[in-house]
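Accompanying notes for the structure given below.
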Amino acid sequence: MPAKVDIPRKSIYRLSIYQRCLQRLRENQVDTVSSAALAKAAGVKSTQLRKDLAYFGQLGTRGLGYNVDALSGTIGDVLGQNKLQPVILVGVGNLGSALLRYGGFRKEGFEIAAAFDLAPRKVPGVNVPVLDMADMAEFIRRQHVKMAILSVPASGAQSVVNDLVQHGIQAILNFSPTVLDVPENVVVNSVDLAVELENLSYFIR
Ligand SMILES: NC(=O)c1ccc[n+]([C@@H]2O[C@H](COP(=O)([O-])OP(=O)(O)OC[C@H]3O[C@@H](n4cnc5c(N)ncnc54)[C@H](O)[C@@H]3O)[C@@H](O)[C@H]2O)c1
């Protein structure tokens, strides 16, 4: 398997989409799928699908297509879904609490192991511990956490990120509306619903 840096980020995104399609096929007890059918279900061209999967070796059999279980297992390995990946969340306000209440990350292979806030308060109905910022470094180190979700106000985001990176976080899902400065080895994916709405709004004009 080539080093992760050689694989385009968009291909990695598409792996998650292929994985969802494969999950549906498994639920419907489908054993094999052609690249054309899987590509259609994922909304991509089959040349694109084959190119994305080729990064991970020869996964299908010519004429027979892909074994659904085997391909899903391989993609799960690549995406780190086959073991529960611990994630921490920083900033337990409106958005952070809502994310903590969502129980669906676990079945996708992620577990919010703990949350941190300047003013920690338990979120009713949620078992995830909400801890003080002073406990964050030790928690990251002891639990070998590599991923964090950031839902603090923009004004505090960079300083929280500096701490996260210093203590070993390598991937950040950022909800704060600010551009984060991180070293090259750290990946940031930013989610901004306002940008997405703006984009949609262009198309309804
Ligand atoms: N990306 C999106 O689509 C989207 C949508 C909603 C909100 N947001 C953003 O998410 C962030 C949170 O929004 P919210 O409505 O939950 O805000 P909020 O004020 O309800 O919560 C923020 C929480 O962060 C904590 N906090 C503040 N500074 C901190 C620091 N330095 N370290 C640790 N904790 C800190 C506060 O104590 C509070 O609990 C904001 O930046 C907001 O703009 C983004």
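Letters A, B, ... go to the chains of the structure tokens in the order shown; residues in each chain start at 1; ligands are counted from 1 in the same order.
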**OP:** Write out as a PyMOL selection string each polymer residue whose atoms come within 6 Å of range 82-88 of chain A, counting only C-alpha atoms; drop sequence neighbours fewer than 4 positions from it.
**Re:** chain A and resi 76-77+109-115+145+147-148
Original post:
Hey, what's within 8 Å of Leu79 in chain A if we count only C-alpha atoms and toss same-chain stuff fewer than 2 positions away? As a PyMOL selection string, please?
Top reply: chain A and resi 12+15-16+75-77+81
**OP:** Could I get the residue neighbourhood of ligand 1 at 7 Å, counting only C-alpha atoms and all ligand atoms, as a PyMOL selection string?
**Re:** chain A and resi 90-96+116-119+133+151-154+156-157+159-160+175-177+191-194
Those residues you just picked out, can you put them in a file as a PDB file, in the first residue's frame with C-alpha atoms?
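The result, stored in again.pdb:
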```
ATOM      1  CA  VAL A  90     -13.241  20.467  22.741  1.00  0.00           C
ATOM      2  CA  GLY A  91     -15.934  23.054  23.440  1.00  0.00           C
ATOM      3  CA  VAL A  92     -19.105  21.657  24.992  1.00  0.00           C
ATOM      4  CA  GLY A  93     -21.602  24.423  24.209  1.00  0.00           C
ATOM      5  CA  ASN A  94     -24.671  24.230  21.960  1.00  0.00           C
ATOM      6  CA  LEU A  95     -22.925  22.460  19.104  1.00  0.00           C
ATOM      7  CA  GLY A  96     -20.551  20.343  21.203  1.00  0.00           C
ATOM      8  CA  PHE A 116     -13.124  19.220  27.352  1.00  0.00           C
ATOM      9  CA  ASP A 117     -14.276  22.722  28.157  1.00  0.00           C
ATOM     10  CA  LEU A 118     -13.086  25.825  30.030  1.00  0.00           C
ATOM     11  CA  ALA A 119     -16.190  25.429  32.195  1.00  0.00           C
ATOM     12  CA  MET A 133      -8.881  21.733  29.890  1.00  0.00           C
ATOM     13  CA  SER A 151     -16.365  23.359  18.633  1.00  0.00           C
ATOM     14  CA  VAL A 152     -15.074  26.361  20.585  1.00  0.00           C
ATOM     15  CA  PRO A 153     -15.711  29.997  19.580  1.00  0.00           C
ATOM     16  CA  ALA A 154     -13.414  31.277  16.832  1.00  0.00           C
ATOM     17  CA  GLY A 156     -10.177  30.589  21.247  1.00  0.00           C
ATOM     18  CA  ALA A 157      -9.720  28.108  18.417  1.00  0.00           C
ATOM     19  CA  SER A 159      -4.796  28.474  20.996  1.00  0.00           C
ATOM     20  CA  VAL A 160      -6.757  25.242  21.623  1.00  0.00           C
ATOM     21  CA  PHE A 175     -16.397  23.660  13.335  1.00  0.00           C
ATOM     22  CA  SER A 176     -14.977  27.029  14.448  1.00  0.00           C
ATOM     23  CA  PRO A 177     -15.342  29.654  11.721  1.00  0.00           C
ATOM     24  CA  VAL A 191     -17.160  22.130   8.338  1.00  0.00           C
ATOM     25  CA  ASP A 192     -19.112  25.326   7.812  1.00  0.00           C
ATOM     26  CA  LEU A 193     -22.846  24.943   7.382  1.00  0.00           C
ATOM     27  CA  ALA A 194     -23.170  28.605   6.372  1.00  0.00           C
TER      28      ALA A 194
END
```
**OP:** Can you check which residues of chain A DSSP gives as strand (DSSP E or B) on the backbone and send them as a VMD selection string?
**Re:** chain A and resid 32 to 33 61 65 to 67 85 to 90 110 to 117 130 to 132 147 to 150 171 to 174 187 to 190
Subject >> Two-atom distance - CA of Thr178 in chain A, CA of Ser201 in chain A (Å) >> reply: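 So the two atoms, CA of Thr178 in chain A and CA of Ser201 in chain A, lie 21.8 Å apart.
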